[in-house]
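Undergrad: Contents of target-v5.cif (mmCIF, C-alpha atoms) are below:
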```
data_coords
loop_
_atom_site.label_atom_id
_atom_site.label_comp_id
_atom_site.auth_asym_id
_atom_site.auth_seq_id
_atom_site.Cartn_x
_atom_site.Cartn_y
_atom_site.Cartn_z
CA MET A 1 -28.85 -79.40 -34.06
CA PRO A 2 -31.42 -76.99 -32.69
CA ASP A 3 -34.59 -76.40 -34.64
CA LEU A 4 -33.76 -73.14 -36.38
CA ALA A 5 -37.36 -72.70 -37.54
CA SER A 6 -38.88 -72.81 -34.05
CA THR A 7 -39.96 -69.62 -32.31
CA ALA A 8 -38.89 -71.02 -28.94
CA PHE A 9 -35.31 -71.29 -30.17
CA TRP A 10 -35.15 -67.66 -31.29
CA ILE A 11 -36.85 -66.43 -28.12
CA SER A 12 -34.12 -68.23 -26.15
CA VAL A 13 -31.49 -66.57 -28.34
CA LEU A 14 -32.92 -63.10 -27.64
CA GLN A 15 -33.23 -63.84 -23.93
CA ILE A 16 -29.62 -64.98 -23.79
CA ILE A 17 -28.39 -61.85 -25.59
CA ALA A 18 -30.36 -59.63 -23.16
CA ILE A 19 -28.94 -61.53 -20.17
CA ASP A 20 -25.40 -61.21 -21.53
CA VAL A 21 -25.75 -57.48 -22.14
CA LEU A 22 -26.97 -56.87 -18.58
CA LEU A 23 -24.92 -59.35 -16.53
CA GLY A 24 -21.82 -59.41 -18.74
CA GLY A 25 -22.02 -55.63 -19.06
CA ASP A 26 -22.30 -55.22 -15.28
CA ASN A 27 -19.21 -57.38 -14.90
CA ALA A 28 -17.37 -55.10 -17.32
CA VAL A 29 -18.51 -52.00 -15.42
CA VAL A 30 -17.24 -53.43 -12.11
CA ILE A 31 -13.85 -54.15 -13.70
CA ALA A 32 -13.65 -50.61 -15.12
CA LEU A 33 -14.70 -49.03 -11.80
CA ALA A 34 -12.26 -51.16 -9.79
CA CYS A 35 -9.38 -49.97 -11.96
CA ARG A 36 -10.36 -46.29 -12.05
CA ARG A 37 -7.88 -45.07 -9.52
CA LEU A 38 -4.88 -47.00 -10.79
CA PRO A 39 -2.13 -45.29 -12.76
CA GLU A 40 -2.67 -45.76 -16.49
CA ALA A 41 -0.22 -48.61 -17.15
CA GLN A 42 -1.54 -50.60 -14.19
CA ARG A 43 -5.12 -49.78 -15.11
CA ASN A 44 -4.78 -51.38 -18.53
CA LYS A 45 -3.14 -54.40 -16.96
CA GLY A 46 -5.90 -54.65 -14.36
CA ILE A 47 -8.65 -54.38 -16.97
CA PHE A 48 -6.96 -56.96 -19.19
CA TRP A 49 -6.61 -59.57 -16.46
CA GLY A 50 -10.04 -58.77 -15.05
CA VAL A 51 -11.66 -59.37 -18.44
CA PHE A 52 -9.53 -62.47 -19.00
CA GLY A 53 -10.63 -63.91 -15.64
CA ALA A 54 -14.29 -63.16 -16.31
CA ILE A 55 -14.18 -64.95 -19.66
CA ALA A 56 -12.10 -67.89 -18.44
CA LEU A 57 -14.49 -68.47 -15.53
CA ARG A 58 -17.49 -68.42 -17.86
CA VAL A 59 -15.88 -70.97 -20.18
CA ILE A 60 -15.00 -73.27 -17.26
CA LEU A 61 -18.47 -72.94 -15.79
CA ILE A 62 -20.20 -74.05 -19.02
CA TYR A 63 -18.96 -77.59 -18.47
CA PHE A 64 -20.59 -77.75 -15.06
CA ALA A 65 -23.74 -75.79 -15.74
CA LEU A 66 -25.66 -78.30 -17.82
CA GLN A 67 -24.64 -81.37 -15.83
CA LEU A 68 -25.53 -79.68 -12.56
CA LEU A 69 -28.95 -78.62 -13.81
CA ALA A 70 -29.79 -82.29 -14.48
CA VAL A 71 -29.39 -83.05 -10.75
CA PRO A 72 -32.73 -82.99 -8.87
CA TYR A 73 -33.42 -79.87 -6.77
CA LEU A 74 -30.50 -77.95 -8.25
CA LYS A 75 -32.85 -76.23 -10.67
CA PHE A 76 -34.83 -75.09 -7.64
CA VAL A 77 -31.66 -73.55 -6.27
CA GLY A 78 -30.87 -72.05 -9.69
CA GLY A 79 -34.37 -70.64 -10.06
CA VAL A 80 -34.39 -69.04 -6.62
CA LEU A 81 -30.88 -67.72 -7.28
CA LEU A 82 -32.15 -66.10 -10.47
CA PHE A 83 -34.94 -64.38 -8.52
CA TRP A 84 -32.30 -62.97 -6.22
CA ILE A 85 -30.03 -61.86 -9.07
CA GLY A 86 -33.02 -60.17 -10.73
CA ILE A 87 -33.92 -58.30 -7.56
CA LYS A 88 -30.34 -57.11 -7.13
CA LEU A 89 -30.38 -55.86 -10.70
CA ILE A 90 -33.50 -53.77 -10.07
CA LEU A 91 -32.38 -52.43 -6.69
CA PRO A 92 -30.46 -49.18 -7.05
CA GLU A 93 -27.18 -48.61 -5.27
CA HIS A 94 -27.47 -47.77 -1.62
CA GLU A 95 -25.00 -46.52 0.95
CA ASP A 96 -25.30 -49.65 3.11
CA ALA A 97 -25.22 -52.00 0.16
CA HIS A 98 -21.76 -51.07 -1.05
CA GLY A 99 -19.03 -53.64 -0.98
CA HIS A 100 -16.82 -53.60 2.07
CA VAL A 101 -13.82 -53.45 -0.20
CA GLN A 102 -11.97 -50.20 0.29
CA GLY A 103 -11.55 -47.93 -2.70
CA SER A 104 -7.92 -48.84 -2.90
CA SER A 105 -5.59 -47.31 -5.42
CA THR A 106 -3.31 -50.33 -5.48
CA LEU A 107 -3.23 -52.99 -8.17
CA LEU A 108 -3.64 -55.65 -5.48
CA GLY A 109 -6.82 -54.05 -4.13
CA ALA A 110 -8.29 -53.77 -7.61
CA ILE A 111 -7.40 -57.41 -8.35
CA LYS A 112 -9.16 -58.56 -5.19
CA THR A 113 -12.32 -56.67 -6.14
CA ILE A 114 -12.18 -58.02 -9.68
CA ILE A 115 -11.64 -61.65 -8.66
CA VAL A 116 -14.62 -61.61 -6.30
CA ALA A 117 -16.81 -59.81 -8.83
CA ASP A 118 -15.73 -62.07 -11.72
CA ALA A 119 -16.42 -65.22 -9.71
CA VAL A 120 -19.87 -64.15 -8.50
CA MET A 121 -20.99 -62.56 -11.74
CA SER A 122 -19.78 -65.40 -13.96
CA VAL A 123 -21.84 -67.83 -11.89
CA ASP A 124 -24.85 -65.50 -12.15
CA ASN A 125 -24.37 -65.17 -15.90
CA VAL A 126 -23.92 -68.88 -16.55
CA ILE A 127 -26.92 -69.91 -14.42
CA ALA A 128 -29.11 -67.41 -16.26
CA VAL A 129 -27.85 -68.54 -19.67
CA ALA A 130 -28.28 -72.20 -18.74
CA GLY A 131 -31.83 -71.47 -17.60
CA ALA A 132 -32.69 -69.69 -20.83
CA ALA A 133 -31.05 -72.42 -22.95
CA HIS A 134 -33.48 -75.15 -21.76
CA GLY A 135 -30.78 -77.80 -21.86
CA SER A 136 -29.41 -77.02 -25.31
CA ILE A 137 -25.62 -77.11 -25.25
CA VAL A 138 -25.54 -75.13 -28.49
CA LEU A 139 -27.39 -72.26 -26.84
CA VAL A 140 -25.24 -72.35 -23.71
CA VAL A 141 -22.07 -72.11 -25.77
CA PHE A 142 -23.67 -69.39 -27.88
CA GLY A 143 -24.60 -67.49 -24.70
CA ILE A 144 -21.08 -67.61 -23.33
CA ALA A 145 -19.64 -66.65 -26.72
CA VAL A 146 -21.89 -63.58 -26.89
CA SER A 147 -20.91 -62.55 -23.37
CA ILE A 148 -17.22 -62.39 -24.30
CA PRO A 149 -17.29 -59.25 -26.52
CA ILE A 150 -19.72 -57.69 -24.06
CA VAL A 151 -17.34 -58.19 -21.14
CA VAL A 152 -14.49 -56.82 -23.25
CA TRP A 153 -16.16 -53.77 -24.78
CA GLY A 154 -19.55 -53.53 -23.10
CA SER A 155 -19.02 -51.29 -20.07
CA LYS A 156 -19.67 -48.04 -21.94
CA LEU A 157 -22.65 -49.56 -23.77
CA VAL A 158 -24.26 -50.76 -20.56
CA LEU A 159 -23.67 -47.49 -18.70
CA ALA A 160 -25.20 -45.51 -21.58
CA LEU A 161 -28.12 -47.93 -21.79
CA MET A 162 -28.82 -47.64 -18.05
CA ASP A 163 -28.52 -43.88 -18.14
CA ARG A 164 -30.86 -43.34 -21.08
CA PHE A 165 -33.29 -46.19 -20.67
CA PRO A 166 -33.36 -47.07 -16.98
CA VAL A 167 -36.38 -49.25 -17.73
CA VAL A 168 -34.10 -51.90 -19.30
CA ILE A 169 -32.87 -52.70 -15.81
CA THR A 170 -36.39 -53.45 -14.61
CA ALA A 171 -37.09 -55.42 -17.77
CA GLY A 172 -33.87 -57.38 -17.26
CA GLY A 173 -34.84 -58.19 -13.68
CA GLY A 174 -38.22 -59.35 -14.94
CA LEU A 175 -36.54 -61.53 -17.56
CA LEU A 176 -34.39 -63.20 -14.91
CA GLY A 177 -37.54 -63.83 -12.85
CA TRP A 178 -39.24 -65.27 -15.93
CA ILE A 179 -36.37 -67.70 -16.57
CA GLY A 180 -36.13 -68.54 -12.85
CA GLY A 181 -39.85 -69.33 -12.66
CA GLY A 182 -39.61 -71.64 -15.67
CA MET A 183 -36.57 -73.32 -14.16
CA LEU A 184 -38.37 -74.19 -10.93
CA LEU A 185 -41.03 -76.06 -12.88
CA THR A 186 -38.61 -78.05 -15.03
CA ASP A 187 -36.60 -79.38 -12.08
CA PRO A 188 -36.24 -83.16 -12.44
CA ALA A 189 -37.79 -83.51 -8.95
CA VAL A 190 -41.06 -81.94 -10.10
CA PRO A 191 -43.43 -84.69 -11.25
CA THR A 192 -44.29 -84.22 -14.93
CA GLN A 193 -48.01 -84.61 -14.16
CA TRP A 194 -47.89 -81.21 -12.48
CA SER A 195 -46.91 -79.38 -15.59
CA GLU A 196 -49.17 -81.54 -17.75
CA SER A 197 -52.30 -81.22 -15.62
CA LEU A 198 -52.23 -77.42 -15.73
CA PRO A 199 -52.41 -75.91 -19.21
CA HIS A 200 -49.74 -73.29 -19.97
CA SER A 201 -48.10 -74.12 -16.63
CA HIS A 202 -44.70 -73.07 -17.95
CA TYR A 203 -45.95 -69.60 -18.86
CA ILE A 204 -47.75 -69.27 -15.53
CA ALA A 205 -44.65 -70.22 -13.54
CA SER A 206 -42.50 -67.88 -15.64
CA GLY A 207 -44.97 -65.01 -15.40
CA VAL A 208 -45.29 -65.38 -11.64
CA GLY A 209 -41.49 -65.43 -11.37
CA ALA A 210 -41.16 -62.24 -13.44
CA LEU A 211 -43.88 -60.43 -11.46
CA LEU A 212 -42.37 -61.57 -8.17
CA VAL A 213 -38.91 -60.22 -9.02
CA VAL A 214 -40.18 -56.88 -10.38
CA ALA A 215 -42.59 -56.37 -7.46
CA LEU A 216 -40.03 -57.27 -4.78
CA GLY A 217 -37.31 -55.23 -6.47
CA LYS A 218 -39.50 -52.16 -6.90
CA TRP A 219 -40.83 -52.45 -3.36
CA GLN A 220 -37.34 -52.66 -1.88
CA ALA A 221 -36.19 -49.83 -4.14
CA SER A 222 -39.04 -47.56 -3.06
CA ARG A 223 -38.12 -48.18 0.58
CA GLN A 224 -34.55 -47.22 -0.23
CA THR A 225 -35.41 -44.11 -2.21
CA ALA A 226 -37.03 -42.46 0.78
CA ARG A 227 -33.76 -42.82 2.62
CA ALA A 228 -31.50 -42.17 -0.36
CA ASN A 229 -33.10 -38.79 -0.95
CA GLU A 230 -32.25 -37.70 2.55
CA VAL A 231 -28.67 -38.62 1.94
CA SER A 232 -28.58 -36.82 -1.39
CA SER A 233 -29.66 -33.52 0.14
CA ALA A 234 -26.64 -33.63 2.44
CA ALA A 235 -23.57 -31.69 1.47
CA GLY A 236 -21.67 -34.86 0.57
CA ARG A 237 -24.04 -35.76 -2.23
CA SER A 238 -24.73 -32.35 -3.68
CA GLN A 239 -21.46 -30.94 -4.77
CA VAL A 240 -21.40 -27.21 -5.16
CA LEU A 241 -18.57 -27.11 -7.61
CA GLN A 242 -18.83 -23.43 -8.33
CA PRO A 243 -20.72 -21.13 -6.00
CA GLY A 244 -23.06 -18.72 -7.70
CA ASP A 245 -21.25 -15.41 -7.78
CA PRO A 246 -23.36 -12.38 -8.61
CA LYS A 247 -23.02 -11.28 -12.18
CA MET B 248 -35.20 -11.80 -2.79
CA ASN B 249 -33.92 -12.51 -6.27
CA PRO B 250 -35.82 -15.04 -8.34
CA ARG B 251 -34.21 -18.45 -8.21
CA TRP B 252 -34.54 -20.74 -11.21
CA LEU B 253 -33.76 -24.40 -11.42
CA LEU B 254 -32.17 -25.56 -14.66
CA PRO B 255 -31.87 -29.38 -14.82
CA VAL B 256 -29.64 -30.47 -17.72
CA ASP B 257 -28.40 -33.78 -19.11
CA GLY B 258 -26.13 -32.51 -21.87
CA SER B 259 -28.77 -33.04 -24.60
CA LEU B 260 -29.62 -30.45 -27.26
CA PRO B 261 -33.04 -29.46 -25.86
CA ALA B 262 -31.40 -28.96 -22.46
CA LEU B 263 -28.85 -26.64 -24.04
CA ARG B 264 -31.64 -24.67 -25.72
CA ALA B 265 -33.19 -24.33 -22.26
CA VAL B 266 -29.88 -22.86 -21.10
CA ASP B 267 -30.01 -20.36 -23.99
CA HIS B 268 -33.52 -19.41 -22.97
CA VAL B 269 -32.42 -18.80 -19.38
CA ILE B 270 -29.53 -16.66 -20.61
CA ALA B 271 -31.85 -14.55 -22.76
CA GLU B 272 -34.28 -14.12 -19.85
CA ALA B 273 -31.49 -13.33 -17.41
CA LEU B 274 -30.09 -10.62 -19.66
CA ALA B 275 -33.57 -9.15 -20.18
CA THR B 276 -34.59 -8.95 -16.51
CA PRO B 277 -33.35 -6.07 -14.40
CA GLN B 278 -33.17 -8.28 -11.31
CA GLU B 279 -30.34 -10.65 -10.71
CA LEU B 280 -31.34 -14.24 -11.39
CA GLU B 281 -30.05 -17.03 -9.25
CA VAL B 282 -29.50 -19.99 -11.58
CA LEU B 283 -29.15 -23.45 -10.10
CA LEU B 284 -27.68 -25.87 -12.61
CA LEU B 285 -28.54 -29.47 -11.76
CA ASN B 286 -27.64 -32.85 -13.17
CA VAL B 287 -29.25 -36.00 -11.77
CA GLN B 288 -27.41 -39.27 -12.25
CA HIS B 289 -29.33 -42.49 -12.40
CA PRO B 290 -28.06 -44.81 -9.65
CA LEU B 291 -26.13 -47.92 -10.72
CA PRO B 292 -27.80 -51.26 -10.00
CA SER B 293 -26.77 -52.85 -6.71
CA ASP B 294 -25.48 -55.71 -8.86
CA ILE B 295 -22.57 -53.37 -9.61
CA SER B 296 -22.35 -51.33 -6.42
CA ARG B 297 -22.09 -54.36 -4.15
CA PHE B 298 -18.57 -54.98 -5.44
CA VAL B 299 -17.27 -51.43 -5.62
CA SER B 300 -16.68 -49.07 -2.71
CA ALA B 301 -18.97 -46.08 -2.25
CA ASP B 302 -16.33 -43.44 -2.90
CA VAL B 303 -15.33 -44.94 -6.26
CA ILE B 304 -18.98 -44.86 -7.37
CA HIS B 305 -19.22 -41.37 -5.94
CA ASP B 306 -16.27 -40.28 -8.06
CA TYR B 307 -17.79 -41.89 -11.10
CA HIS B 308 -21.09 -40.05 -10.63
CA ARG B 309 -19.32 -36.75 -9.99
CA GLU B 310 -17.24 -37.06 -13.14
CA THR B 311 -20.15 -38.06 -15.39
CA GLY B 312 -22.31 -35.36 -13.82
CA ASP B 313 -19.57 -32.85 -14.37
CA ALA B 314 -19.31 -33.86 -18.04
CA ALA B 315 -23.09 -33.53 -18.45
CA LEU B 316 -22.93 -30.02 -16.98
CA ALA B 317 -19.93 -28.92 -19.03
CA SER B 318 -21.59 -27.32 -22.06
CA ALA B 319 -24.31 -25.62 -20.00
CA ARG B 320 -21.60 -24.26 -17.72
CA ALA B 321 -19.63 -22.95 -20.69
CA GLN B 322 -22.74 -21.25 -22.14
CA LEU B 323 -23.57 -19.53 -18.84
CA HIS B 324 -19.97 -18.58 -18.32
CA ALA B 325 -19.70 -17.03 -21.79
CA ALA B 326 -22.82 -14.99 -21.08
CA GLY B 327 -21.36 -13.88 -17.76
CA ILE B 328 -24.14 -15.38 -15.67
CA GLY B 329 -23.18 -16.71 -12.26
CA HIS B 330 -24.67 -19.99 -11.19
CA ALA B 331 -24.41 -22.82 -8.68
CA GLU B 332 -23.93 -26.43 -9.77
CA HIS B 333 -25.23 -29.58 -8.21
CA VAL B 334 -24.90 -33.24 -9.10
CA LEU B 335 -27.31 -35.60 -7.41
CA VAL B 336 -27.88 -39.34 -7.60
CA GLY B 337 -31.40 -40.70 -7.63
CA GLU B 338 -34.51 -41.37 -9.66
CA VAL B 339 -34.37 -38.42 -12.02
CA ALA B 340 -37.80 -36.75 -12.04
CA PRO B 341 -38.61 -36.98 -8.30
CA THR B 342 -35.07 -35.87 -7.43
CA ILE B 343 -35.43 -32.73 -9.59
CA VAL B 344 -38.80 -31.94 -8.01
CA ASP B 345 -37.56 -32.46 -4.44
CA PHE B 346 -34.47 -30.39 -5.11
CA ALA B 347 -36.55 -27.50 -6.48
CA ARG B 348 -38.75 -27.56 -3.39
CA GLU B 349 -35.88 -27.81 -0.92
CA HIS B 350 -34.07 -24.90 -2.54
CA ASP B 351 -37.16 -22.66 -2.86
CA CYS B 352 -36.88 -22.36 -6.60
CA GLY B 353 -39.43 -20.13 -8.31
CA GLN B 354 -39.61 -22.16 -11.50
CA ILE B 355 -38.05 -25.04 -13.37
CA ILE B 356 -36.77 -24.57 -16.93
CA MET B 357 -35.95 -27.70 -18.89
CA GLY B 358 -35.73 -29.19 -22.36
CA ALA B 359 -38.79 -30.90 -23.78
CA ARG B 360 -36.93 -34.12 -24.24
CA GLY B 361 -33.66 -35.26 -22.82
CA LEU B 362 -31.37 -38.01 -23.99
CA GLY B 363 -33.94 -40.74 -23.60
CA THR B 364 -35.79 -39.98 -26.82
CA VAL B 365 -37.14 -43.39 -27.73
CA ALA B 366 -37.98 -44.35 -24.16
CA GLY B 367 -39.54 -40.91 -23.82
CA LEU B 368 -41.92 -41.62 -26.66
CA LEU B 369 -42.93 -44.94 -25.18
CA LEU B 370 -43.02 -44.19 -21.50
CA GLY B 371 -43.24 -40.44 -21.10
CA SER B 372 -40.19 -38.28 -20.68
CA VAL B 373 -38.52 -37.08 -17.52
CA THR B 374 -39.94 -33.65 -18.32
CA GLN B 375 -43.48 -34.99 -18.36
CA ARG B 376 -42.94 -36.64 -15.00
CA VAL B 377 -41.51 -33.44 -13.52
CA ILE B 378 -44.55 -31.47 -14.74
CA HIS B 379 -46.77 -34.10 -13.20
CA LEU B 380 -44.99 -34.17 -9.84
CA THR B 381 -44.21 -30.53 -9.11
CA ASP B 382 -46.38 -27.63 -7.97
CA LEU B 383 -43.97 -25.11 -9.47
CA PRO B 384 -44.33 -23.50 -12.89
CA VAL B 385 -42.33 -25.46 -15.46
CA VAL B 386 -41.02 -23.79 -18.61
CA VAL B 387 -40.49 -26.42 -21.30
CA ILE B 388 -38.16 -25.49 -24.18
CA LYS B 389 -38.60 -27.40 -27.42
#
```
Produce structure tokens that represent the structure in this file.
TA:
Amino acid sequence: MPDLASTAFWISVLQIIAIDVLLGGDNAVVIALACRRLPEAQRNKGIFWGVFGAIALRVILIYFALQLLAVPYLKFVGGVLLFWIGIKLILPEHEDAHGHVQGSSTLLGAIKTIIVADAVMSVDNVIAVAGAAHGSIVLVVFGIAVSIPIVVWGSKLVLALMDRFPVVITAGGGLLGWIGGGMLLTDPAVPTQWSESLPHSHYIASGVGALLVVALGKWQASRQTARANEVSSAAGRSQVLQPGDPK
Amino acid sequence: MNPRWLLPVDGSLPALRAVDHVIAEALATPQELEVLLLNVQHPLPSDISRFVSADVIHDYHRETGDAALASARAQLHAAGIGHAEHVLVGEVAPTIVDFAREHDCGQIIMGARGLGTVAGLLLGSVTQRVIHLTDLPVVVIK
């Protein structure tokens, strides 16, 4: 049983909930967007199977996550992967960065998009939860359990959250960097003297990870904004839905 | 040339009061006002957009932008004031400021606080950032 009185345990719980809201919520948004253009009956079917796949993949991945993280160097891979996931979370959408999948209005096209998204995002979600759980199977299972209602009902919540408080995205990216940094240090291949010789080494590694992700993400985003603004002033981006007729 | 005013709205109550203010001003001035109604959509993270094609996201932004503009549009329409509508995607405050400059707007009229109330208290609202970034006069409606 986990130590319910320890602060570390409850910090992990909060971290896991935040990860689930962002990554599970993003998964839900992708499913909803992929099914937008389908006729209503097919759309519901698409959303149902998309959500089912996302949850099933997360449950299957739990079994592998903890075992894999015990293998030397795999935590390095996981940590670096988390940096990358965090940066992608902070980076805003960009014309070049869109998926090559066509905006198809067929059920098959939507299913393809959903399968790819479910697979990638479930892995992202499980790695992040496993990193925040610090080897506790109870917390990993808890993390996956929390992600289930979020994948099912969370798309509206996440879209509203991102619209009103865009800073949560940056904070979420920072959190992923924090967990990734801590993961690098706890890899079985890292000699324990390293972390013991330097006081607060875990916090330092985590803090550097968080700063790295936020700085890289913001830097990339600022490079994109300069270009994105040019695009947005074009006729395609600014829709004149109703020309101003004189009163 | 007629005065051209930029009216950025997000569907919040202060934004709608800003619309009321513009209507009152427009009815009181002898000149014709050109009203540009603008909604800026925050971009989705690339974590989402990498899986979904650009035109689907485009549609999504257009529909949400359209919904955010709906009540302002209805108010202007009821008052018989013609206007142009734009929906843009980008970081909100800089996009509003750039748009006002590119379209030679004379002033910006906006609500004191949009939908992001709590974040606004902690981090400064979009309105505060617009005031900070623009050279134009900004009329803030409480």
Undergrad: Quote the spacing between atom CA of A:Ala32 and atom CA of A:Leu176 in Å to one decimal place.
TA: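 These atoms are spaced 24.3 Å apart.
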Undergrad: Figure out the distance between atom CA of A:His200 and atom CA of A:Ala132, please, to one decimal in Å.
TA: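 About the pair atom CA of A:Ala132 and atom CA of A:His200: they are 17.4 Å apart.
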Undergrad: Output the contact residues of chain B with respect to chain A at a cut-off of 9 Å, based on all atoms listed in the file, as JSON, numbers by chain.
TA: {"B": [279, 280, 281, 282, 283, 288, 289, 290, 291, 292, 293, 294, 295, 296, 297, 298, 299, 300, 301, 302, 303, 304, 305, 307, 309, 313, 327, 328, 329, 330, 331, 332, 333, 334, 335, 336, 337, 338, 342, 345, 346, 349, 361, 362, 363, 364, 365, 366, 367]}
Undergrad: Once the PyMOL selection byres ((chain B and resi 383-387) around 12) is applied to the coordinates I shared, what remains selected? I want it as a PDB file with C-alpha atoms, in the coordinates of the input.
TA:
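And here's out35.pdb as it stands now:
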```pdb
ATOM      1  CA  ARG B 251     -34.210 -18.450  -8.210  1.00  0.00           C
ATOM      2  CA  TRP B 252     -34.540 -20.740 -11.210  1.00  0.00           C
ATOM      3  CA  LEU B 253     -33.760 -24.400 -11.420  1.00  0.00           C
ATOM      4  CA  LEU B 254     -32.170 -25.560 -14.660  1.00  0.00           C
ATOM      5  CA  PRO B 255     -31.870 -29.380 -14.820  1.00  0.00           C
ATOM      6  CA  PRO B 261     -33.040 -29.460 -25.860  1.00  0.00           C
ATOM      7  CA  ALA B 262     -31.400 -28.960 -22.460  1.00  0.00           C
ATOM      8  CA  LEU B 263     -28.850 -26.640 -24.040  1.00  0.00           C
ATOM      9  CA  ARG B 264     -31.640 -24.670 -25.720  1.00  0.00           C
ATOM     10  CA  ALA B 265     -33.190 -24.330 -22.260  1.00  0.00           C
ATOM     11  CA  VAL B 266     -29.880 -22.860 -21.100  1.00  0.00           C
ATOM     12  CA  HIS B 268     -33.520 -19.410 -22.970  1.00  0.00           C
ATOM     13  CA  VAL B 269     -32.420 -18.800 -19.380  1.00  0.00           C
ATOM     14  CA  GLU B 272     -34.280 -14.120 -19.850  1.00  0.00           C
ATOM     15  CA  ILE B 343     -35.430 -32.730  -9.590  1.00  0.00           C
ATOM     16  CA  VAL B 344     -38.800 -31.940  -8.010  1.00  0.00           C
ATOM     17  CA  ASP B 345     -37.560 -32.460  -4.440  1.00  0.00           C
ATOM     18  CA  PHE B 346     -34.470 -30.390  -5.110  1.00  0.00           C
ATOM     19  CA  ALA B 347     -36.550 -27.500  -6.480  1.00  0.00           C
ATOM     20  CA  ARG B 348     -38.750 -27.560  -3.390  1.00  0.00           C
ATOM     21  CA  ASP B 351     -37.160 -22.660  -2.860  1.00  0.00           C
ATOM     22  CA  CYS B 352     -36.880 -22.360  -6.600  1.00  0.00           C
ATOM     23  CA  GLY B 353     -39.430 -20.130  -8.310  1.00  0.00           C
ATOM     24  CA  GLN B 354     -39.610 -22.160 -11.500  1.00  0.00           C
ATOM     25  CA  ILE B 355     -38.050 -25.040 -13.370  1.00  0.00           C
ATOM     26  CA  ILE B 356     -36.770 -24.570 -16.930  1.00  0.00           C
ATOM     27  CA  MET B 357     -35.950 -27.700 -18.890  1.00  0.00           C
ATOM     28  CA  GLY B 358     -35.730 -29.190 -22.360  1.00  0.00           C
ATOM     29  CA  ALA B 359     -38.790 -30.900 -23.780  1.00  0.00           C
ATOM     30  CA  ARG B 360     -36.930 -34.120 -24.240  1.00  0.00           C
ATOM     31  CA  GLY B 361     -33.660 -35.260 -22.820  1.00  0.00           C
ATOM     32  CA  SER B 372     -40.190 -38.280 -20.680  1.00  0.00           C
ATOM     33  CA  VAL B 373     -38.520 -37.080 -17.520  1.00  0.00           C
ATOM     34  CA  THR B 374     -39.940 -33.650 -18.320  1.00  0.00           C
ATOM     35  CA  GLN B 375     -43.480 -34.990 -18.360  1.00  0.00           C
ATOM     36  CA  ARG B 376     -42.940 -36.640 -15.000  1.00  0.00           C
ATOM     37  CA  VAL B 377     -41.510 -33.440 -13.520  1.00  0.00           C
ATOM     38  CA  ILE B 378     -44.550 -31.470 -14.740  1.00  0.00           C
ATOM     39  CA  HIS B 379     -46.770 -34.100 -13.200  1.00  0.00           C
ATOM     40  CA  LEU B 380     -44.990 -34.170  -9.840  1.00  0.00           C
ATOM     41  CA  THR B 381     -44.210 -30.530  -9.110  1.00  0.00           C
ATOM     42  CA  ASP B 382     -46.380 -27.630  -7.970  1.00  0.00           C
ATOM     43  CA  ILE B 388     -38.160 -25.490 -24.180  1.00  0.00           C
ATOM     44  CA  LYS B 389     -38.600 -27.400 -27.420  1.00  0.00           C
TER      45      LYS B 389
END
```
Undergrad: Kindly resolve the PyMOL selection byres ((chain A and resi 73) around 10) on the present coordinates and return the residues as a ChimeraX atom specification.
TA: /A:68-72,74-79,184,186-190
Undergrad: With only C-alpha atoms as the atoms that count, which of A:Trp10, A:Ala119, A:Ile204, A:Gly177 lies nearest to A:Val59?
TA: A:Ala119
Undergrad: Enumerate, as a tab-separated table (two decimals) with C-alpha atoms, in the frame of the given file, the residues matched when the PyMOL selection byres ((chain A and resi 125) around 9) is run on the file above.
TA:
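Final output, saved to expr.tsv:
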```tsv
chain	number	residue	atom	x	y	z
A	19	ILE	CA	-28.94	-61.53	-20.17
A	20	ASP	CA	-25.40	-61.21	-21.53
A	23	LEU	CA	-24.92	-59.35	-16.53
A	24	GLY	CA	-21.82	-59.41	-18.74
A	58	ARG	CA	-17.49	-68.42	-17.86
A	120	VAL	CA	-19.87	-64.15	-8.50
A	121	MET	CA	-20.99	-62.56	-11.74
A	122	SER	CA	-19.78	-65.40	-13.96
A	123	VAL	CA	-21.84	-67.83	-11.89
A	124	ASP	CA	-24.85	-65.50	-12.15
A	126	VAL	CA	-23.92	-68.88	-16.55
A	127	ILE	CA	-26.92	-69.91	-14.42
A	128	ALA	CA	-29.11	-67.41	-16.26
A	129	VAL	CA	-27.85	-68.54	-19.67
A	130	ALA	CA	-28.28	-72.20	-18.74
A	144	ILE	CA	-21.08	-67.61	-23.33
A	147	SER	CA	-20.91	-62.55	-23.37
```
Undergrad: Can you sort out the box for stretch 311-316 of chain B, edges along x, y and z, all listed atoms in, 3 Å on every side, with centre and edge lengths in Å to one decimal, as lines of an AutoDock Vina configuration file?
TA:
```
center_x = -21.2
center_y = -34.0
center_z = -16.1
size_x = 9.8
size_y = 14.0
size_z = 10.6
```
Undergrad: When you draw a straight line from atom CA of A:Ala171 to atom CA of A:Ile16, how long is it in Å?
TA: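 Separation between atom CA of A:Ala171 and atom CA of A:Ile16: 13.5 Å.
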